[in-house]
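Quick look at start26.txt (compact mmCIF, C-alpha atoms):
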# COMPACT_ATOMS: atom_id res chain seq x y z
CA MET A 1 18.51 -8.51 -10.84
CA PRO A 2 17.31 -4.90 -10.84
CA ASN A 3 19.50 -2.03 -11.93
CA SER A 4 21.34 -0.02 -9.27
CA VAL A 5 19.36 2.72 -7.59
CA PRO A 6 20.91 6.19 -7.86
CA ASN A 7 21.81 7.61 -4.45
CA ARG A 8 19.09 10.23 -4.37
CA GLY A 9 16.52 11.28 -1.84
CA LEU A 10 13.07 9.80 -2.30
CA THR A 11 9.68 11.00 -1.16
CA LEU A 12 7.06 8.45 -0.16
CA THR A 13 3.62 10.01 0.00
CA LEU A 14 0.92 8.03 1.79
CA THR A 15 -2.61 9.21 1.09
CA LEU A 16 -5.48 7.90 3.18
CA VAL A 17 -8.97 8.07 1.70
CA THR A 18 -12.25 7.10 3.38
CA LEU A 19 -14.47 5.10 1.03
CA PRO A 20 -18.26 4.79 1.32
CA GLY A 21 -19.68 1.46 2.46
CA LEU A 22 -20.76 -0.97 -0.24
CA ARG A 23 -24.40 -0.08 0.43
CA ASP A 24 -23.88 3.56 1.42
CA VAL A 25 -22.90 5.19 -1.88
CA GLY A 26 -24.99 8.30 -2.39
CA GLU A 27 -26.05 9.95 -5.61
CA GLU A 28 -23.28 12.57 -5.37
CA ILE A 29 -20.53 9.96 -5.36
CA GLU A 30 -22.18 7.91 -8.10
CA GLN A 31 -22.31 11.00 -10.32
CA LEU A 32 -18.69 11.86 -9.53
CA ALA A 33 -17.59 8.32 -10.40
CA HIS A 34 -19.55 8.53 -13.65
CA ARG A 35 -17.87 11.83 -14.61
CA CYS A 36 -14.41 10.38 -13.98
CA SER A 37 -14.91 6.89 -15.45
CA HIS A 38 -13.41 7.87 -18.81
CA TRP A 39 -10.03 7.87 -17.03
CA LEU A 40 -10.09 4.07 -16.82
CA SER A 41 -8.53 1.75 -19.40
CA ASP A 42 -10.27 -1.21 -21.01
CA ASP A 43 -8.36 -3.70 -18.85
CA GLU A 44 -9.39 -1.88 -15.67
CA LEU A 45 -13.02 -1.81 -16.76
CA ALA A 46 -12.84 -5.54 -17.54
CA ARG A 47 -11.45 -6.32 -14.08
CA ILE A 48 -14.09 -4.15 -12.42
CA GLY A 49 -16.83 -5.82 -14.46
CA ARG A 50 -16.02 -9.22 -12.94
CA ALA A 51 -17.18 -8.11 -9.48
CA THR A 52 -20.38 -9.85 -8.41
CA LEU A 53 -21.17 -8.67 -4.86
CA PRO A 54 -23.67 -5.76 -4.60
CA GLY A 55 -21.79 -2.48 -4.61
CA LEU A 56 -18.37 -4.10 -5.13
CA SER A 57 -18.07 -3.03 -8.76
CA LEU A 58 -18.55 0.64 -7.82
CA ARG A 59 -16.13 0.26 -4.89
CA GLN A 60 -13.44 -1.10 -7.22
CA ARG A 61 -14.14 1.70 -9.69
CA LEU A 62 -13.64 4.28 -6.95
CA VAL A 63 -10.36 2.64 -5.86
CA ARG A 64 -8.95 2.80 -9.39
CA LEU A 65 -10.13 6.38 -9.85
CA CYS A 66 -8.48 7.41 -6.59
CA LEU A 67 -5.21 5.79 -7.67
CA ARG A 68 -5.24 7.62 -11.00
CA ALA A 69 -6.16 10.90 -9.30
CA GLU A 70 -3.26 10.59 -6.85
CA LEU A 71 -0.76 9.68 -9.60
CA ALA A 72 -2.02 12.61 -11.66
CA ARG A 73 -1.84 15.00 -8.71
CA GLN A 74 1.78 14.13 -8.04
CA THR A 75 2.95 14.21 -11.65
CA GLN A 76 0.69 16.88 -13.18
CA THR A 77 -0.32 14.35 -15.79
CA ALA A 78 -3.82 13.73 -17.08
CA PRO A 79 -5.35 10.86 -15.05
CA ASP A 80 -6.41 8.95 -18.18
CA ALA A 81 -2.83 8.90 -19.51
CA PHE A 82 -1.47 6.13 -17.27
CA ARG A 83 -1.10 2.58 -18.55
CA PHE A 84 -0.40 -0.36 -16.28
CA ASP A 85 1.19 -3.76 -16.49
CA TYR A 86 0.45 -6.53 -13.98
CA GLY A 87 2.82 -8.98 -12.33
CA PRO A 88 2.20 -12.76 -12.03
CA GLN A 89 0.23 -12.21 -8.80
CA GLY A 90 -1.67 -9.21 -10.19
CA LYS A 91 0.46 -6.40 -8.73
CA PRO A 92 0.02 -3.31 -10.96
CA GLU A 93 2.94 -1.15 -12.05
CA LEU A 94 3.36 1.67 -14.51
CA ARG A 95 4.72 0.78 -17.90
CA ARG A 96 8.32 1.86 -18.36
CA THR A 97 7.35 4.46 -20.93
CA GLN A 98 5.11 6.27 -18.44
CA GLY A 99 7.81 8.30 -16.67
CA ARG A 100 7.51 9.24 -13.02
CA PRO A 101 6.61 8.34 -10.30
CA PHE A 102 9.04 5.53 -9.63
CA ALA A 103 6.75 3.15 -7.74
CA PHE A 104 3.30 2.92 -6.24
CA ASN A 105 1.12 0.51 -4.32
CA LEU A 106 -2.32 0.51 -2.71
CA SER A 107 -4.28 -1.30 -0.03
CA HIS A 108 -7.73 -1.07 1.49
CA SER A 109 -9.30 -2.42 4.67
CA GLY A 110 -12.82 -1.69 5.86
CA ASP A 111 -13.66 1.80 4.63
CA ARG A 112 -10.03 2.98 4.39
CA LEU A 113 -7.99 3.13 1.19
CA LEU A 114 -4.23 3.66 1.40
CA LEU A 115 -2.29 4.92 -1.62
CA GLY A 116 1.51 4.93 -1.57
CA VAL A 117 3.43 6.80 -4.27
CA MET A 118 7.24 6.97 -4.38
CA SER A 119 8.86 9.82 -6.27
CA GLY A 120 12.36 11.32 -6.38
CA GLN A 121 14.64 13.93 -7.81
CA ASP A 122 15.21 12.73 -11.34
CA ASP A 123 14.96 14.06 -14.85
CA GLY A 124 11.81 11.98 -15.30
CA SER A 125 12.93 10.78 -18.75
CA GLU A 126 12.37 7.11 -17.99
CA TYR A 127 10.54 5.14 -15.35
CA ASP A 128 12.92 3.48 -12.89
CA ASN A 129 11.75 -0.06 -12.20
CA ASP A 130 14.42 -0.66 -9.56
CA LEU A 131 12.37 0.12 -6.45
CA TYR A 132 10.07 -2.37 -4.74
CA LEU A 133 7.22 -0.80 -2.78
CA GLY A 134 4.47 -2.45 -0.78
CA VAL A 135 1.90 -0.81 1.50
CA ASP A 136 -0.76 -2.35 3.70
CA ILE A 137 -3.51 -1.04 5.95
CA GLU A 138 -5.12 -3.34 8.51
CA ARG A 139 -8.05 -2.89 10.86
CA LYS A 140 -7.72 -4.64 14.21
CA ARG A 141 -10.63 -7.08 14.40
CA THR A 142 -11.81 -8.56 17.67
CA ASN A 143 -13.41 -11.65 16.10
CA THR A 144 -10.30 -12.89 14.25
CA ASP A 145 -8.84 -16.15 15.59
CA ILE A 146 -5.30 -14.84 15.71
CA ASN A 147 -3.89 -17.95 17.44
CA ALA A 148 -4.90 -20.26 14.60
CA ILE A 149 -3.46 -17.87 12.02
CA TYR A 150 -0.08 -17.06 13.51
CA ARG A 151 0.61 -20.66 14.57
CA HIS A 152 0.06 -21.76 10.98
CA TYR A 153 1.48 -18.89 8.93
CA PHE A 154 4.00 -16.90 10.98
CA SER A 155 7.71 -17.67 11.33
CA ALA A 156 9.10 -19.35 14.45
CA PRO A 157 10.63 -16.12 15.90
CA GLU A 158 7.34 -14.27 15.42
CA GLN A 159 5.37 -17.07 17.04
CA ALA A 160 7.71 -17.10 20.04
CA TYR A 161 7.32 -13.36 20.44
CA LEU A 162 3.53 -13.48 20.33
CA VAL A 163 3.39 -16.35 22.84
CA SER A 164 5.30 -14.17 25.33
CA LEU A 165 2.60 -11.45 25.33
CA ASP A 166 -0.64 -11.13 27.23
CA ASN A 167 -3.86 -11.39 25.22
CA ALA A 168 -4.43 -7.64 24.73
CA CYS A 169 -0.86 -6.94 23.61
CA LYS A 170 -0.81 -10.12 21.52
CA ARG A 171 -3.76 -8.99 19.38
CA ASP A 172 -2.16 -5.60 18.69
CA ALA A 173 1.20 -7.20 17.89
CA PHE A 174 -0.45 -9.79 15.63
CA PHE A 175 -2.03 -7.12 13.43
CA ASP A 176 1.22 -5.12 13.45
CA LEU A 177 3.09 -8.16 12.17
CA TRP A 178 0.33 -9.04 9.72
CA ALA A 179 0.46 -5.56 8.19
CA LEU A 180 4.26 -5.66 7.95
CA LYS A 181 4.25 -9.11 6.36
CA GLU A 182 1.58 -8.06 3.86
CA SER A 183 3.60 -4.97 2.91
CA TYR A 184 6.68 -7.12 2.25
CA ILE A 185 4.99 -9.74 0.07
CA LYS A 186 3.31 -6.93 -1.86
CA ALA A 187 6.67 -5.21 -2.34
CA THR A 188 8.23 -8.35 -3.79
CA GLY A 189 5.21 -8.78 -6.09
CA ARG A 190 4.97 -12.48 -5.26
CA GLY A 191 2.07 -12.24 -2.82
CA LEU A 192 1.36 -15.34 -0.74
CA ALA A 193 3.64 -17.34 -3.03
CA GLU A 194 6.45 -15.70 -1.00
CA GLY A 195 5.67 -17.94 1.98
CA LEU A 196 4.85 -16.08 5.21
CA GLN A 197 7.16 -18.33 7.24
CA SER A 198 10.17 -17.52 5.05
CA PHE A 199 10.82 -14.15 6.69
CA ALA A 200 10.35 -12.49 10.07
CA PHE A 201 9.93 -9.05 11.59
CA ASP A 202 11.26 -8.26 15.06
CA LEU A 203 8.98 -5.70 16.69
CA GLU A 204 11.36 -5.39 19.62
CA GLN A 205 13.86 -3.73 17.26
CA ALA A 206 11.37 -1.03 16.25
CA ALA A 207 12.29 2.53 17.18
CA LEU A 208 9.35 4.69 18.26
CA THR A 209 9.44 8.19 16.78
CA GLU A 210 7.04 11.04 16.19
CA MET A 211 5.40 11.34 12.78
CA GLU A 212 2.58 13.68 11.87
CA GLY A 213 -0.68 11.87 11.22
CA PHE A 214 0.15 8.83 13.38
CA THR A 215 -0.58 8.15 17.04
CA HIS A 216 2.46 5.82 17.06
CA PHE A 217 5.14 5.45 14.38
CA TYR A 218 7.99 2.92 14.27
CA GLN A 219 11.07 2.77 12.08
CA GLY A 220 14.22 0.66 12.09
CA LEU A 221 12.32 -2.41 10.91
CA GLU A 222 13.27 -4.79 8.14
CA PRO A 223 12.25 -8.29 7.07
CA LYS A 224 14.78 -10.94 8.09
CA LEU A 225 14.88 -13.62 5.39
CA ILE A 226 15.03 -17.19 6.67
CA GLY A 227 17.02 -19.70 4.61
CA GLN A 228 17.19 -17.52 1.51
CA ASP A 229 19.38 -14.84 -0.01
CA THR A 230 18.29 -11.22 -0.34
CA GLY A 231 19.38 -11.10 -3.99
CA GLY A 232 21.30 -7.93 -3.22
CA ILE A 233 18.16 -6.00 -2.27
CA LYS A 234 18.18 -3.91 0.90
CA TRP A 235 14.83 -3.81 2.63
CA GLN A 236 13.46 -1.27 5.08
CA SER A 237 10.02 -1.07 6.67
CA TRP A 238 7.89 1.34 8.67
CA LEU A 239 4.85 0.78 10.88
CA GLY A 240 2.35 3.41 11.99
CA HIS A 241 -0.87 3.44 13.98
CA ILE A 242 -3.43 5.88 12.59
CA ASP A 243 -5.75 5.33 15.54
CA SER A 244 -6.64 2.51 17.94
CA ASP A 245 -8.10 0.38 15.11
CA TYR A 246 -6.06 0.98 11.97
CA ARG A 247 -2.37 0.51 11.33
CA VAL A 248 -0.28 1.11 8.21
CA ALA A 249 2.86 -0.74 7.14
CA VAL A 250 5.26 0.13 4.34
CA THR A 251 8.16 -1.89 2.92
CA LEU A 252 10.69 -0.52 0.42
CA GLY A 253 13.36 -2.51 -1.35
CA ALA A 254 16.34 -1.14 -3.30
CA ILE A 255 19.82 -2.21 -4.34
CA ARG A 256 21.47 0.41 -2.14
CA ASP A 257 20.44 2.48 0.85
CA VAL A 258 18.32 5.47 -0.11
CA GLY A 259 17.15 8.34 2.04
CA THR A 260 13.37 8.39 2.19
CA GLU A 261 11.07 11.14 3.42
CA LEU A 262 7.67 9.78 4.39
CA THR A 263 4.49 11.83 4.72
CA LEU A 264 0.86 10.95 5.43
CA THR A 265 -2.12 12.99 4.29
CA GLN A 266 -5.82 12.29 4.66
CA ARG A 267 -8.17 13.23 1.84
CA SER A 268 -11.87 12.84 1.27
CA LEU A 269 -12.91 10.86 -1.78
CA GLN A 270 -14.80 13.85 -3.18
CA SER A 271 -11.92 16.29 -2.75
CA LEU A 272 -9.34 13.99 -4.35
CA LEU A 273 -11.41 13.23 -7.45
CA SER A 274 -12.88 16.71 -7.81
CA GLU A 275 -9.50 18.43 -7.47
CA CYS A 276 -8.05 16.22 -10.17
CA ASN A 277 -11.04 16.81 -12.43
CA SER A 278 -10.74 20.57 -11.96
CA HIS A 279 -7.01 21.16 -12.22
CA ILE A 280 -5.48 18.48 -14.44
CA PRO A 281 -5.67 19.45 -18.13
CA PHE A 282 -7.30 17.02 -20.54

Structure encoded using structure tokens:
Amino acid sequence: MPNSVPNRGLTLTLTLVTLPGLRDVGEEIEQLAHRCSHWLSDDELARIGRATLPGLSLRQRLVRLCLRAELARQTQTAPDAFRFDYGPQGKPELRRTQGRPFAFNLSHSGDRLLLGVMSGQDDGSEYDNDLYLGVDIERKRTNTDINAIYRHYFSAPEQAYLVSLDNACKRDAFFDLWALKESYIKATGRGLAEGLQSFAFDLEQAALTEMEGFTHFYQGLEPKLIGQDTGGIKWQSWLGHIDSDYRVAVTLGAIRDVGTELTLTQRSLQSLLSECNSHIPF
């Protein structure tokens, strides 16, 4: 059972970065990645080294460099200072001795990388491991057999909702639900071991609101656990459409209700890494 979460306001910063294609990395980006590679720890380099597809190793290197750059930017800490631990399903988290921020998560789909960093008003003396954060970005794909997937993996209420929609709306709703469900299982840290049928999201309960950076943004969502106890954790989720193809979902868990301010910024890969390289002291 996690410790209680102080009743403080939290800031959740979502940063969206466009990555080069696996075969489209130019010399400028390769040189930038080379200059920043000393930020990475031995365990990160070992994980990256296991990639076998052409270009995948560099893509994974860029993802880890972007994560470190964003953590450094928000904490004014050198990007090579962070050390990570990994959960049973491979979810990374900062070691308790690392200080702020309180939680982070990342996701990528197609050429988009989403970084989520949670921070709050705190003395920063010790890392609070009592927040559960999961983020997911999904690209709507026209060739995905959504019927086979949701009939096998989604909960009964979600299946019933999708069946009630016409084909065009069903595909949008499927990827909305998929993103939300991914964000939840990433927040718990259990991944697919969570069981996608063990919880449900009700899109009809979503409240549409305006949010800068999104064409549509929904709040008032939460995962409804089926046949299991919440363990005292209160969950809240958000769903946003960046454009007609990409949607972002975020799930946050805490022992008590916390006020959360959410922002989305879009950064180029070059600007994020170069800014960190230029302004963070080594």

Original post:
Counting all atoms listed in the file, what is within 6 Å of stretch 216-229 of chain A, bar same-chain residues fewer than 2 positions away, as a list in words?
Top reply: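 Answer for this query is Ser198, Phe199, Ala200, Phe201, Ala206, Ala207, Leu208, Thr209, Phe214, Gly231, Trp235, Gln236, Ser237, Trp238, Leu239, Gly240 and His241 of chain A.
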
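Closest approach to A:Ser119 from the set A:Leu14, A:Ile48, A:Ile233, A:Leu269 is made by A:Leu14, with distances taken over all atoms listed in the file.
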
Original post:
Which residues come within 12 Å of stretch 24-27 of chain A, counting all atoms listed in the file, excluding same-chain residues fewer than 3 positions away, as a PyMOL selection string?
Top reply: chain A and resi 19-21+30-34+54-59+62+111+269-270

**OP:** Using atom CA of A:Asn105 and atom CA of A:Val117 as the two end points, give the distance in Å to one decimal.
**Re:** 6.7 Å

**OP:** Find the residues around A:Thr251 up to 9 Å (only C-alpha atoms counted), leave out those fewer than 2 positions away in its own chain, and share them as number ranges by chain.
**Re:** A: 132-136, 180-181, 183-187, 222-223, 235-238, 249, 253

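Distance-wise, atom CA of A:Thr11 and atom CA of A:Leu262 end up 6.0 Å apart.
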
Subject >> Selection near stretch 161-170 of chain A, 9 Å with all atoms listed in the file, sequence-local residues under 4 positions removed, as a list in words >> reply: Ile146, Tyr150, Ala156, Pro157, Phe174, Phe175, Asp202, Leu203 and Glu204 of chain A

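Distance annotation: of A:Arg23, A:Arg247, A:Arg256, A:Arg190, the residue with the minimal separation from A:Ser109 is A:Arg247; atom set is only C-alpha atoms.
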
Subject >> For atom CA of A:Gly120 and atom CA of A:Ala179, the interatomic separation in Å (one decimal) >> reply: 25.3 Å

**OP:** Determine, counting all atoms listed in the file, which protein, DNA and RNA residues have an atom within 7 Å of an atom of A:Leu106; residues of the same chain fewer than 6 positions away are not included. Present the result as a VMD selection string.
**Re:** chain A and resid 114 to 116 135
